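Printed here is data-v7.cif (mmCIF, N, CA and C atoms):
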```cif
data_input
#
loop_
_atom_site.label_atom_id
_atom_site.label_comp_id
_atom_site.auth_asym_id
_atom_site.auth_seq_id
_atom_site.Cartn_x
_atom_site.Cartn_y
_atom_site.Cartn_z
N MET A 1 0.84 -1.18 0.00
CA MET A 1 0.00 0.00 0.00
C MET A 1 0.89 1.24 0.00
N SER A 2 0.62 2.16 -0.91
CA SER A 2 1.37 3.40 -0.99
C SER A 2 0.88 4.40 0.05
N LYS A 3 1.82 5.07 0.68
CA LYS A 3 1.50 6.13 1.63
C LYS A 3 1.76 7.45 0.91
N VAL A 4 0.72 8.27 0.78
CA VAL A 4 0.80 9.49 -0.02
C VAL A 4 0.43 10.71 0.82
N ALA A 5 1.28 11.71 0.81
CA ALA A 5 0.98 12.99 1.46
C ALA A 5 0.29 13.89 0.44
N VAL A 6 -0.76 14.56 0.87
CA VAL A 6 -1.42 15.57 0.06
C VAL A 6 -1.22 16.88 0.82
N VAL A 7 -0.25 17.65 0.35
CA VAL A 7 0.18 18.87 1.03
C VAL A 7 -0.39 20.06 0.26
N TYR A 8 -1.13 20.93 0.95
CA TYR A 8 -1.82 22.00 0.23
C TYR A 8 -1.87 23.28 1.04
N TRP A 9 -2.16 24.37 0.33
CA TRP A 9 -2.50 25.66 0.93
C TRP A 9 -3.76 26.12 0.23
N THR A 10 -4.63 26.76 0.97
CA THR A 10 -5.86 27.28 0.37
C THR A 10 -6.21 28.61 1.00
N GLY A 11 -6.80 29.49 0.22
CA GLY A 11 -7.25 30.77 0.73
C GLY A 11 -8.77 30.86 0.72
N THR A 12 -9.38 30.34 -0.34
CA THR A 12 -10.83 30.43 -0.49
C THR A 12 -11.53 29.09 -0.32
N GLY A 13 -10.75 28.01 -0.23
CA GLY A 13 -11.33 26.68 -0.12
C GLY A 13 -11.31 25.90 -1.42
N ASN A 14 -11.01 26.56 -2.53
CA ASN A 14 -11.02 25.87 -3.83
C ASN A 14 -9.93 24.79 -3.91
N THR A 15 -8.72 25.13 -3.53
CA THR A 15 -7.64 24.15 -3.58
C THR A 15 -7.84 23.08 -2.50
N GLU A 16 -8.44 23.44 -1.39
CA GLU A 16 -8.76 22.44 -0.37
C GLU A 16 -9.76 21.41 -0.91
N ALA A 17 -10.76 21.86 -1.67
CA ALA A 17 -11.72 20.93 -2.28
C ALA A 17 -11.00 19.98 -3.22
N MET A 18 -10.04 20.51 -3.97
CA MET A 18 -9.24 19.67 -4.87
C MET A 18 -8.43 18.66 -4.06
N ALA A 19 -7.81 19.11 -2.98
CA ALA A 19 -7.00 18.22 -2.13
C ALA A 19 -7.85 17.09 -1.58
N ASN A 20 -9.05 17.40 -1.15
CA ASN A 20 -9.95 16.37 -0.61
C ASN A 20 -10.29 15.34 -1.68
N ALA A 21 -10.48 15.78 -2.93
CA ALA A 21 -10.77 14.85 -4.02
C ALA A 21 -9.54 13.98 -4.33
N VAL A 22 -8.35 14.56 -4.23
CA VAL A 22 -7.12 13.78 -4.42
C VAL A 22 -7.06 12.67 -3.36
N VAL A 23 -7.36 13.03 -2.12
CA VAL A 23 -7.39 12.04 -1.03
C VAL A 23 -8.38 10.92 -1.34
N GLU A 24 -9.56 11.29 -1.84
CA GLU A 24 -10.56 10.28 -2.21
C GLU A 24 -10.00 9.31 -3.24
N GLY A 25 -9.32 9.84 -4.25
CA GLY A 25 -8.74 8.99 -5.29
C GLY A 25 -7.69 8.05 -4.74
N ILE A 26 -6.84 8.55 -3.85
CA ILE A 26 -5.81 7.71 -3.23
C ILE A 26 -6.47 6.57 -2.47
N ASN A 27 -7.48 6.92 -1.66
CA ASN A 27 -8.17 5.91 -0.87
C ASN A 27 -8.90 4.89 -1.75
N GLU A 28 -9.53 5.37 -2.83
CA GLU A 28 -10.24 4.48 -3.75
C GLU A 28 -9.29 3.47 -4.39
N ALA A 29 -8.04 3.89 -4.61
CA ALA A 29 -7.05 3.02 -5.24
C ALA A 29 -6.33 2.12 -4.23
N GLY A 30 -6.73 2.21 -2.97
CA GLY A 30 -6.13 1.36 -1.95
C GLY A 30 -4.90 1.94 -1.28
N GLY A 31 -4.61 3.21 -1.57
CA GLY A 31 -3.49 3.87 -0.92
C GLY A 31 -3.89 4.42 0.44
N GLU A 32 -2.89 4.91 1.15
CA GLU A 32 -3.11 5.55 2.45
C GLU A 32 -2.76 7.02 2.30
N ALA A 33 -3.75 7.88 2.41
CA ALA A 33 -3.56 9.32 2.21
C ALA A 33 -3.47 10.06 3.54
N GLU A 34 -2.60 11.06 3.56
CA GLU A 34 -2.53 11.95 4.71
C GLU A 34 -2.64 13.39 4.20
N LEU A 35 -3.69 14.08 4.60
CA LEU A 35 -3.94 15.47 4.19
C LEU A 35 -3.22 16.40 5.15
N ILE A 36 -2.33 17.24 4.61
CA ILE A 36 -1.47 18.08 5.46
C ILE A 36 -1.47 19.51 4.94
N PHE A 37 -1.80 20.47 5.82
CA PHE A 37 -1.71 21.89 5.45
C PHE A 37 -0.24 22.26 5.34
N SER A 38 0.10 23.12 4.41
CA SER A 38 1.50 23.42 4.12
C SER A 38 2.29 23.92 5.33
N ASP A 39 1.65 24.59 6.28
CA ASP A 39 2.34 25.05 7.49
C ASP A 39 2.86 23.88 8.31
N ASP A 40 2.26 22.71 8.15
CA ASP A 40 2.57 21.55 8.98
C ASP A 40 3.45 20.51 8.26
N PHE A 41 4.08 20.91 7.15
CA PHE A 41 4.89 19.97 6.38
C PHE A 41 6.26 20.58 6.12
N ASN A 42 7.29 19.74 6.08
CA ASN A 42 8.63 20.22 5.74
C ASN A 42 9.40 19.09 5.06
N ALA A 43 10.55 19.43 4.52
CA ALA A 43 11.33 18.48 3.73
C ALA A 43 11.73 17.24 4.52
N SER A 44 11.92 17.37 5.82
CA SER A 44 12.32 16.21 6.62
C SER A 44 11.24 15.14 6.66
N MET A 45 10.01 15.49 6.33
CA MET A 45 8.89 14.54 6.35
C MET A 45 8.76 13.77 5.03
N MET A 46 9.44 14.21 3.99
CA MET A 46 9.25 13.63 2.66
C MET A 46 9.56 12.14 2.60
N ASP A 47 10.55 11.70 3.34
CA ASP A 47 10.94 10.29 3.29
C ASP A 47 9.92 9.37 3.94
N ASP A 48 8.95 9.94 4.63
CA ASP A 48 7.88 9.14 5.26
C ASP A 48 6.80 8.72 4.26
N PHE A 49 6.90 9.21 3.02
CA PHE A 49 5.85 8.98 2.03
C PHE A 49 6.41 8.40 0.74
N ASP A 50 5.59 7.57 0.09
CA ASP A 50 5.97 7.00 -1.21
C ASP A 50 5.76 7.99 -2.34
N ALA A 51 4.82 8.92 -2.15
CA ALA A 51 4.50 9.93 -3.16
C ALA A 51 3.92 11.15 -2.45
N ILE A 52 3.96 12.29 -3.15
CA ILE A 52 3.43 13.52 -2.56
C ILE A 52 2.68 14.30 -3.63
N ALA A 53 1.48 14.75 -3.28
CA ALA A 53 0.72 15.68 -4.11
C ALA A 53 0.83 17.05 -3.46
N PHE A 54 1.27 18.03 -4.21
CA PHE A 54 1.38 19.40 -3.72
C PHE A 54 0.27 20.22 -4.36
N GLY A 55 -0.50 20.94 -3.55
CA GLY A 55 -1.58 21.77 -4.08
C GLY A 55 -1.48 23.20 -3.59
N CYS A 56 -1.50 24.13 -4.54
CA CYS A 56 -1.43 25.55 -4.19
C CYS A 56 -2.10 26.38 -5.29
N PRO A 57 -2.93 27.35 -4.89
CA PRO A 57 -3.54 28.21 -5.90
C PRO A 57 -2.55 29.24 -6.44
N ALA A 58 -2.90 29.85 -7.56
CA ALA A 58 -2.13 30.97 -8.09
C ALA A 58 -2.41 32.18 -7.21
N MET A 59 -1.36 32.89 -6.90
CA MET A 59 -1.49 34.09 -6.08
C MET A 59 -0.87 35.27 -6.81
N GLY A 60 -1.27 36.46 -6.43
CA GLY A 60 -0.66 37.67 -6.93
C GLY A 60 -0.38 37.65 -8.41
N ASP A 61 0.88 37.76 -8.76
CA ASP A 61 1.30 37.80 -10.16
C ASP A 61 1.65 36.39 -10.64
N GLU A 62 0.67 35.45 -10.51
CA GLU A 62 0.85 34.07 -10.96
C GLU A 62 2.05 33.40 -10.28
N VAL A 63 2.02 33.39 -8.96
CA VAL A 63 3.06 32.72 -8.17
C VAL A 63 2.40 31.83 -7.12
N LEU A 64 3.20 30.95 -6.51
CA LEU A 64 2.73 30.15 -5.39
C LEU A 64 2.54 31.06 -4.18
N GLU A 65 1.65 30.67 -3.27
CA GLU A 65 1.41 31.46 -2.05
C GLU A 65 2.75 31.66 -1.35
N GLU A 66 3.08 32.91 -1.00
CA GLU A 66 4.43 33.27 -0.61
C GLU A 66 4.78 33.14 0.87
N ALA A 67 3.82 33.17 1.77
CA ALA A 67 4.14 33.16 3.20
C ALA A 67 4.28 31.75 3.77
N SER A 68 3.49 30.82 3.29
CA SER A 68 3.49 29.46 3.84
C SER A 68 3.97 28.44 2.80
N PHE A 69 3.30 28.40 1.65
CA PHE A 69 3.56 27.33 0.70
C PHE A 69 4.92 27.45 0.02
N GLU A 70 5.25 28.61 -0.50
CA GLU A 70 6.52 28.77 -1.23
C GLU A 70 7.73 28.41 -0.38
N PRO A 71 7.86 28.90 0.86
CA PRO A 71 9.03 28.51 1.65
C PRO A 71 9.09 26.99 1.90
N MET A 72 7.94 26.38 2.16
CA MET A 72 7.89 24.94 2.37
C MET A 72 8.31 24.21 1.09
N PHE A 73 7.74 24.62 -0.06
CA PHE A 73 8.05 23.94 -1.31
C PHE A 73 9.51 24.14 -1.70
N GLU A 74 10.03 25.33 -1.50
CA GLU A 74 11.44 25.59 -1.83
C GLU A 74 12.35 24.66 -1.03
N GLU A 75 12.02 24.43 0.23
CA GLU A 75 12.79 23.51 1.07
C GLU A 75 12.67 22.08 0.52
N CYS A 76 11.47 21.68 0.12
CA CYS A 76 11.23 20.33 -0.40
C CYS A 76 11.85 20.13 -1.78
N GLU A 77 11.98 21.20 -2.53
CA GLU A 77 12.48 21.13 -3.91
C GLU A 77 13.82 20.41 -4.00
N GLU A 78 14.65 20.57 -2.98
CA GLU A 78 15.96 19.95 -2.96
C GLU A 78 15.88 18.42 -2.87
N LYS A 79 14.71 17.90 -2.47
CA LYS A 79 14.56 16.45 -2.31
C LYS A 79 13.60 15.85 -3.33
N LEU A 80 13.32 16.57 -4.42
CA LEU A 80 12.36 16.08 -5.41
C LEU A 80 12.95 15.09 -6.41
N GLU A 81 14.25 15.05 -6.55
CA GLU A 81 14.85 14.21 -7.59
C GLU A 81 14.43 12.75 -7.45
N GLY A 82 13.83 12.22 -8.52
CA GLY A 82 13.40 10.84 -8.56
C GLY A 82 12.14 10.54 -7.76
N ARG A 83 11.59 11.54 -7.11
CA ARG A 83 10.42 11.35 -6.25
C ARG A 83 9.13 11.45 -7.06
N LYS A 84 8.19 10.56 -6.77
CA LYS A 84 6.88 10.54 -7.43
C LYS A 84 5.99 11.62 -6.80
N ILE A 85 5.63 12.62 -7.62
CA ILE A 85 4.81 13.72 -7.12
C ILE A 85 3.72 14.08 -8.14
N ALA A 86 2.84 14.98 -7.72
CA ALA A 86 1.87 15.61 -8.61
C ALA A 86 1.63 17.02 -8.06
N ILE A 87 1.21 17.92 -8.96
CA ILE A 87 0.91 19.29 -8.53
C ILE A 87 -0.47 19.68 -9.04
N PHE A 88 -1.18 20.47 -8.22
CA PHE A 88 -2.53 20.90 -8.57
C PHE A 88 -2.84 22.22 -7.86
N GLY A 89 -3.88 22.90 -8.33
CA GLY A 89 -4.32 24.12 -7.67
C GLY A 89 -5.33 24.87 -8.51
N SER A 90 -5.93 25.88 -7.90
CA SER A 90 -6.95 26.67 -8.59
C SER A 90 -6.41 28.06 -8.93
N TYR A 91 -7.05 28.69 -9.89
CA TYR A 91 -6.69 30.05 -10.27
C TYR A 91 -7.96 30.77 -10.71
N GLU A 92 -7.91 32.11 -10.68
CA GLU A 92 -9.11 32.88 -11.01
C GLU A 92 -8.85 34.00 -12.01
N TRP A 93 -7.65 34.08 -12.51
CA TRP A 93 -7.34 35.12 -13.49
C TRP A 93 -6.21 34.64 -14.38
N ASN A 94 -5.94 35.42 -15.40
CA ASN A 94 -4.91 35.10 -16.38
C ASN A 94 -5.10 33.70 -16.96
N ASN A 95 -4.00 33.05 -17.34
CA ASN A 95 -4.16 31.78 -18.05
C ASN A 95 -3.54 30.59 -17.34
N GLY A 96 -3.24 30.73 -16.06
CA GLY A 96 -2.67 29.62 -15.31
C GLY A 96 -1.18 29.46 -15.49
N GLU A 97 -0.49 30.54 -15.81
CA GLU A 97 0.95 30.50 -16.04
C GLU A 97 1.72 29.97 -14.83
N TRP A 98 1.19 30.19 -13.61
CA TRP A 98 1.89 29.72 -12.42
C TRP A 98 2.09 28.20 -12.45
N MET A 99 1.15 27.48 -13.04
CA MET A 99 1.25 26.02 -13.10
C MET A 99 2.36 25.61 -14.08
N VAL A 100 2.50 26.33 -15.19
CA VAL A 100 3.57 26.05 -16.16
C VAL A 100 4.93 26.27 -15.50
N ASP A 101 5.05 27.39 -14.78
CA ASP A 101 6.30 27.70 -14.09
C ASP A 101 6.61 26.66 -13.01
N TRP A 102 5.58 26.25 -12.27
CA TRP A 102 5.74 25.28 -11.19
C TRP A 102 6.16 23.92 -11.76
N GLU A 103 5.54 23.53 -12.86
CA GLU A 103 5.91 22.26 -13.51
C GLU A 103 7.38 22.28 -13.91
N LYS A 104 7.84 23.40 -14.47
CA LYS A 104 9.24 23.51 -14.87
C LYS A 104 10.17 23.37 -13.67
N ARG A 105 9.81 24.00 -12.57
CA ARG A 105 10.63 23.88 -11.35
C ARG A 105 10.73 22.41 -10.93
N CYS A 106 9.61 21.71 -10.96
CA CYS A 106 9.59 20.30 -10.55
C CYS A 106 10.46 19.45 -11.48
N LYS A 107 10.32 19.67 -12.77
CA LYS A 107 11.11 18.91 -13.74
C LYS A 107 12.59 19.24 -13.62
N ASP A 108 12.91 20.52 -13.42
CA ASP A 108 14.30 20.92 -13.26
C ASP A 108 14.92 20.29 -12.02
N ALA A 109 14.10 20.03 -11.00
CA ALA A 109 14.57 19.39 -9.76
C ALA A 109 14.65 17.87 -9.90
N GLY A 110 14.19 17.34 -11.04
CA GLY A 110 14.27 15.90 -11.28
C GLY A 110 13.10 15.09 -10.75
N ALA A 111 11.99 15.76 -10.45
CA ALA A 111 10.81 15.06 -9.94
C ALA A 111 10.20 14.17 -11.02
N ASN A 112 9.55 13.11 -10.58
CA ASN A 112 8.82 12.21 -11.45
C ASN A 112 7.34 12.59 -11.33
N LEU A 113 6.83 13.34 -12.31
CA LEU A 113 5.43 13.76 -12.27
C LEU A 113 4.54 12.59 -12.68
N ALA A 114 3.76 12.10 -11.74
CA ALA A 114 2.92 10.93 -11.95
C ALA A 114 1.63 11.25 -12.69
N TYR A 115 1.31 12.55 -12.81
CA TYR A 115 0.08 12.98 -13.46
C TYR A 115 0.34 14.38 -14.01
N ASP A 116 -0.30 14.72 -15.12
CA ASP A 116 -0.13 16.06 -15.67
C ASP A 116 -0.52 17.11 -14.64
N PRO A 117 0.22 18.24 -14.60
CA PRO A 117 -0.16 19.31 -13.69
C PRO A 117 -1.64 19.64 -13.87
N LEU A 118 -2.32 19.88 -12.74
CA LEU A 118 -3.78 20.00 -12.77
C LEU A 118 -4.25 21.35 -12.23
N PRO A 119 -4.44 22.32 -13.12
CA PRO A 119 -5.05 23.58 -12.69
C PRO A 119 -6.57 23.51 -12.86
N ALA A 120 -7.28 24.16 -11.96
CA ALA A 120 -8.74 24.25 -12.08
C ALA A 120 -9.13 25.72 -11.97
N TYR A 121 -9.97 26.16 -12.87
CA TYR A 121 -10.41 27.55 -12.85
C TYR A 121 -11.45 27.76 -11.75
N ASP A 122 -11.16 28.70 -10.84
CA ASP A 122 -12.07 29.13 -9.78
C ASP A 122 -12.49 27.94 -8.91
N ASN A 123 -13.77 27.85 -8.62
CA ASN A 123 -14.30 26.76 -7.80
C ASN A 123 -14.31 25.50 -8.66
N PRO A 124 -13.55 24.45 -8.30
CA PRO A 124 -13.46 23.29 -9.18
C PRO A 124 -14.82 22.63 -9.43
N ASP A 125 -15.13 22.40 -10.71
CA ASP A 125 -16.40 21.75 -11.07
C ASP A 125 -16.23 20.24 -10.98
N ASP A 126 -17.30 19.52 -11.30
CA ASP A 126 -17.27 18.06 -11.18
C ASP A 126 -16.17 17.43 -12.03
N GLU A 127 -15.96 17.96 -13.22
CA GLU A 127 -14.92 17.43 -14.10
C GLU A 127 -13.54 17.60 -13.47
N ALA A 128 -13.28 18.78 -12.90
CA ALA A 128 -11.98 19.03 -12.26
C ALA A 128 -11.80 18.12 -11.04
N LEU A 129 -12.86 17.92 -10.28
CA LEU A 129 -12.77 17.04 -9.10
C LEU A 129 -12.55 15.59 -9.51
N ASP A 130 -13.15 15.17 -10.63
CA ASP A 130 -12.90 13.82 -11.15
C ASP A 130 -11.42 13.66 -11.53
N LYS A 131 -10.85 14.70 -12.14
CA LYS A 131 -9.43 14.66 -12.50
C LYS A 131 -8.56 14.61 -11.24
N CYS A 132 -9.00 15.29 -10.19
CA CYS A 132 -8.26 15.23 -8.92
C CYS A 132 -8.26 13.80 -8.37
N ARG A 133 -9.38 13.12 -8.48
CA ARG A 133 -9.46 11.73 -8.03
C ARG A 133 -8.53 10.85 -8.88
N GLU A 134 -8.48 11.11 -10.19
CA GLU A 134 -7.58 10.37 -11.08
C GLU A 134 -6.13 10.62 -10.67
N LEU A 135 -5.81 11.86 -10.35
CA LEU A 135 -4.48 12.23 -9.90
C LEU A 135 -4.13 11.41 -8.65
N GLY A 136 -5.05 11.35 -7.70
CA GLY A 136 -4.83 10.57 -6.48
C GLY A 136 -4.58 9.11 -6.78
N LYS A 137 -5.35 8.54 -7.71
CA LYS A 137 -5.16 7.14 -8.08
C LYS A 137 -3.81 6.92 -8.72
N ALA A 138 -3.35 7.88 -9.52
CA ALA A 138 -2.04 7.76 -10.16
C ALA A 138 -0.91 7.77 -9.13
N LEU A 139 -1.10 8.47 -8.03
CA LEU A 139 -0.07 8.51 -6.98
C LEU A 139 -0.11 7.26 -6.10
N ALA A 140 -1.30 6.68 -5.95
CA ALA A 140 -1.43 5.50 -5.08
C ALA A 140 -0.84 4.30 -5.78
#
```
Take the structure in the file and write it out as structure tokens.
Amino acid sequence: MSKVAVVYWTGTGNTEAMANAVVEGINEAGGEAELIFSDDFNASMMDDFDAIAFGCPAMGDEVLEEASFEPMFEECEEKLEGRKIAIFGSYEWNNGEWMVDWEKRCKDAGANLAYDPLPAYDNPDDEALDKCRELGKALA
């Protein structure tokens, strides 16, 4: 059984809804999911998991949330090489460029993306939540 961390930050609840759907997918596939707010996760915890889903909405000028999520992810970035991960989050403006930039960071760090980066516009609809469940299954 795969043990998967679902590490997220949310401001409006949209990315949290996505994180919950990722957890559902992991559980449906027989994995063991642990939902963790970004304030409560750090790089030293990464070895406790077989895979990690990182979720963060686009903030400001199409960047990751800067006070909690970005510092945590930057610390984890050093340990992404060869690690099975996925990234997801919501956005409400522009074209989702933050996800393209985030994917590049992950690939440059040598991460193994188990599912295509998953952006959802605004409040995730049923289709986006179904994709979140698929993402969870891919990690499990």
Practice problem: Would you kindly translate the PyMOL selection byres ((chain A and resi 76-91) around 6.5) into the concrete residues it picks from this file, as a VMD selection string? | Solution: chain A and resid 14 to 15 42 to 43 50 to 58 71 to 75 92 to 93 96 109 to 122
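Near region 66-68 of chain A, within 7 Å and counting only N, CA and C atoms, sit Ser38, Asp39 and Met59 of chain A; same-chain residues fewer than 6 positions away were not included.
You will find CA of Asp126 (chain A) at 24.7 Å from CA of Glu65 (chain A).
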For region 77-96 of chain A, I'd like the enclosing box, axis-aligned and padded by 4 Å on every side, reported as AutoDock Vina command-line options with centre and edge lengths in Å to one decimal.
```
--center_x 3.4 --center_y 23.0 --center_z -10.2 --size_x 33.1 --size_y 32.9 --size_z 23.7
```
Quiz item: Which polymer residues have any atom within 7 Å of an atom of region 2-6 of chain A, counting all atoms listed in the file, with same-chain residues fewer than 3 positions away left out, as a PyMOL selection string?
Solution: chain A and resi 19+23+30-37+48-55+139-140
Exercise. Using DSSP on the backbone coordinates, identify all residues within chain A classified as strand (DSSP E or B); present the result as a ChimeraX atom specification.
Key: /A:3-8,32-37,51-55,59,63,84-91,112-113,118-121
Exercise. Would you work out the distance separating CA of Glu70 (chain A) from CA of Asp40 (chain A), expressed in Å to one decimal?
Key: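 Taking CA of Glu70 (chain A) and CA of Asp40 (chain A), their separation equals 13.1 Å.
Checking A:Ala128, A:Glu62, A:Thr12, A:Met1 one by one against Asn95 (chain A), counting only C-alpha atoms, you find the shortest gap at A:Glu62.
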Self-check item: Point-to-point distance in Å for atom N of Gly60 (chain A) and atom N of Glu97 (chain A)
Solution: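 The value is 11.1 Å.
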Self-check item: Best match for closeness to Met18 (chain A) among A:Leu135, A:Val100, A:Leu129, A:Met46, counting only N, CA and C atoms
Solution: A:Leu129
Test item: residues at most 9 Å from Glu28 (chain A), only C-alpha atoms, excluding those fewer than 6 positions along its chain, as an mmCIF file with N, CA and C atoms, keeping the file's coordinate frame:
```
data_model
loop_
_atom_site.group_PDB
_atom_site.id
_atom_site.type_symbol
_atom_site.label_atom_id
_atom_site.label_comp_id
_atom_site.auth_asym_id
_atom_site.auth_seq_id
_atom_site.Cartn_x
_atom_site.Cartn_y
_atom_site.Cartn_z
ATOM 1 N N ARG A 133 -9.380 13.120 -8.480
ATOM 2 C CA ARG A 133 -9.460 11.730 -8.030
ATOM 3 C C ARG A 133 -8.530 10.850 -8.880
ATOM 4 N N GLY A 136 -5.050 11.350 -7.700
ATOM 5 C CA GLY A 136 -4.830 10.570 -6.480
ATOM 6 C C GLY A 136 -4.580 9.110 -6.780
ATOM 7 N N LYS A 137 -5.350 8.540 -7.710
ATOM 8 C CA LYS A 137 -5.160 7.140 -8.080
ATOM 9 C C LYS A 137 -3.810 6.920 -8.720
ATOM 10 N N ALA A 140 -1.300 6.680 -5.950
ATOM 11 C CA ALA A 140 -1.430 5.500 -5.080
ATOM 12 C C ALA A 140 -0.840 4.300 -5.780
#
```
Could you rebuild region 72-91 of chain A with N, CA, C and O atoms and give me the result as a PDB file, in the coordinates of the input?
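Output below, filename result-v4.pdb:
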```pdb
ATOM      1  N   MET A  72       7.940  26.380   2.160  1.00  0.00           N
ATOM      2  CA  MET A  72       7.890  24.940   2.370  1.00  0.00           C
ATOM      3  C   MET A  72       8.310  24.210   1.090  1.00  0.00           C
ATOM      4  O   MET A  72       9.136  23.302   1.115  1.00  0.00           O
ATOM      5  N   PHE A  73       7.740  24.620  -0.060  1.00  0.00           N
ATOM      6  CA  PHE A  73       8.050  23.940  -1.310  1.00  0.00           C
ATOM      7  C   PHE A  73       9.510  24.140  -1.700  1.00  0.00           C
ATOM      8  O   PHE A  73      10.159  23.205  -2.174  1.00  0.00           O
ATOM      9  N   GLU A  74      10.030  25.330  -1.500  1.00  0.00           N
ATOM     10  CA  GLU A  74      11.440  25.590  -1.830  1.00  0.00           C
ATOM     11  C   GLU A  74      12.350  24.660  -1.030  1.00  0.00           C
ATOM     12  O   GLU A  74      13.325  24.131  -1.557  1.00  0.00           O
ATOM     13  N   GLU A  75      12.020  24.430   0.230  1.00  0.00           N
ATOM     14  CA  GLU A  75      12.790  23.510   1.070  1.00  0.00           C
ATOM     15  C   GLU A  75      12.670  22.080   0.520  1.00  0.00           C
ATOM     16  O   GLU A  75      13.649  21.336   0.456  1.00  0.00           O
ATOM     17  N   CYS A  76      11.470  21.680   0.120  1.00  0.00           N
ATOM     18  CA  CYS A  76      11.230  20.330  -0.400  1.00  0.00           C
ATOM     19  C   CYS A  76      11.850  20.130  -1.780  1.00  0.00           C
ATOM     20  O   CYS A  76      12.199  18.999  -2.149  1.00  0.00           O
ATOM     21  N   GLU A  77      11.980  21.200  -2.530  1.00  0.00           N
ATOM     22  CA  GLU A  77      12.480  21.130  -3.910  1.00  0.00           C
ATOM     23  C   GLU A  77      13.820  20.410  -4.000  1.00  0.00           C
ATOM     24  O   GLU A  77      14.081  19.685  -4.948  1.00  0.00           O
ATOM     25  N   GLU A  78      14.650  20.570  -2.980  1.00  0.00           N
ATOM     26  CA  GLU A  78      15.960  19.950  -2.960  1.00  0.00           C
ATOM     27  C   GLU A  78      15.880  18.420  -2.870  1.00  0.00           C
ATOM     28  O   GLU A  78      16.855  17.743  -3.171  1.00  0.00           O
ATOM     29  N   LYS A  79      14.710  17.900  -2.470  1.00  0.00           N
ATOM     30  CA  LYS A  79      14.560  16.450  -2.310  1.00  0.00           C
ATOM     31  C   LYS A  79      13.600  15.850  -3.330  1.00  0.00           C
ATOM     32  O   LYS A  79      13.127  14.737  -3.158  1.00  0.00           O
ATOM     33  N   LEU A  80      13.320  16.570  -4.420  1.00  0.00           N
ATOM     34  CA  LEU A  80      12.360  16.080  -5.410  1.00  0.00           C
ATOM     35  C   LEU A  80      12.950  15.090  -6.410  1.00  0.00           C
ATOM     36  O   LEU A  80      12.196  14.353  -7.044  1.00  0.00           O
ATOM     37  N   GLU A  81      14.250  15.050  -6.550  1.00  0.00           N
ATOM     38  CA  GLU A  81      14.850  14.210  -7.590  1.00  0.00           C
ATOM     39  C   GLU A  81      14.430  12.750  -7.450  1.00  0.00           C
ATOM     40  O   GLU A  81      14.596  12.141  -6.396  1.00  0.00           O
ATOM     41  N   GLY A  82      13.830  12.220  -8.520  1.00  0.00           N
ATOM     42  CA  GLY A  82      13.400  10.840  -8.560  1.00  0.00           C
ATOM     43  C   GLY A  82      12.140  10.540  -7.760  1.00  0.00           C
ATOM     44  O   GLY A  82      11.676   9.412  -7.730  1.00  0.00           O
ATOM     45  N   ARG A  83      11.590  11.540  -7.110  1.00  0.00           N
ATOM     46  CA  ARG A  83      10.420  11.350  -6.250  1.00  0.00           C
ATOM     47  C   ARG A  83       9.130  11.450  -7.060  1.00  0.00           C
ATOM     48  O   ARG A  83       8.988  12.300  -7.926  1.00  0.00           O
ATOM     49  N   LYS A  84       8.190  10.560  -6.770  1.00  0.00           N
ATOM     50  CA  LYS A  84       6.880  10.540  -7.430  1.00  0.00           C
ATOM     51  C   LYS A  84       5.990  11.620  -6.800  1.00  0.00           C
ATOM     52  O   LYS A  84       5.681  11.559  -5.616  1.00  0.00           O
ATOM     53  N   ILE A  85       5.630  12.620  -7.620  1.00  0.00           N
ATOM     54  CA  ILE A  85       4.810  13.720  -7.120  1.00  0.00           C
ATOM     55  C   ILE A  85       3.720  14.080  -8.140  1.00  0.00           C
ATOM     56  O   ILE A  85       3.734  13.604  -9.273  1.00  0.00           O
ATOM     57  N   ALA A  86       2.840  14.980  -7.720  1.00  0.00           N
ATOM     58  CA  ALA A  86       1.870  15.610  -8.610  1.00  0.00           C
ATOM     59  C   ALA A  86       1.630  17.020  -8.060  1.00  0.00           C
ATOM     60  O   ALA A  86       1.833  17.269  -6.869  1.00  0.00           O
ATOM     61  N   ILE A  87       1.210  17.920  -8.960  1.00  0.00           N
ATOM     62  CA  ILE A  87       0.910  19.290  -8.530  1.00  0.00           C
ATOM     63  C   ILE A  87      -0.470  19.680  -9.040  1.00  0.00           C
ATOM     64  O   ILE A  87      -0.886  19.283 -10.125  1.00  0.00           O
ATOM     65  N   PHE A  88      -1.180  20.470  -8.220  1.00  0.00           N
ATOM     66  CA  PHE A  88      -2.530  20.900  -8.570  1.00  0.00           C
ATOM     67  C   PHE A  88      -2.840  22.220  -7.860  1.00  0.00           C
ATOM     68  O   PHE A  88      -2.146  22.605  -6.919  1.00  0.00           O
ATOM     69  N   GLY A  89      -3.880  22.900  -8.330  1.00  0.00           N
ATOM     70  CA  GLY A  89      -4.320  24.120  -7.670  1.00  0.00           C
ATOM     71  C   GLY A  89      -5.330  24.870  -8.510  1.00  0.00           C
ATOM     72  O   GLY A  89      -5.563  24.539  -9.675  1.00  0.00           O
ATOM     73  N   SER A  90      -5.930  25.880  -7.900  1.00  0.00           N
ATOM     74  CA  SER A  90      -6.950  26.670  -8.590  1.00  0.00           C
ATOM     75  C   SER A  90      -6.410  28.060  -8.930  1.00  0.00           C
ATOM     76  O   SER A  90      -5.434  28.522  -8.341  1.00  0.00           O
ATOM     77  N   TYR A  91      -7.050  28.690  -9.890  1.00  0.00           N
ATOM     78  CA  TYR A  91      -6.690  30.050 -10.270  1.00  0.00           C
ATOM     79  C   TYR A  91      -7.960  30.770 -10.710  1.00  0.00           C
ATOM     80  O   TYR A  91      -8.950  30.137 -11.055  1.00  0.00           O
TER      81      TYR A  91
END
```
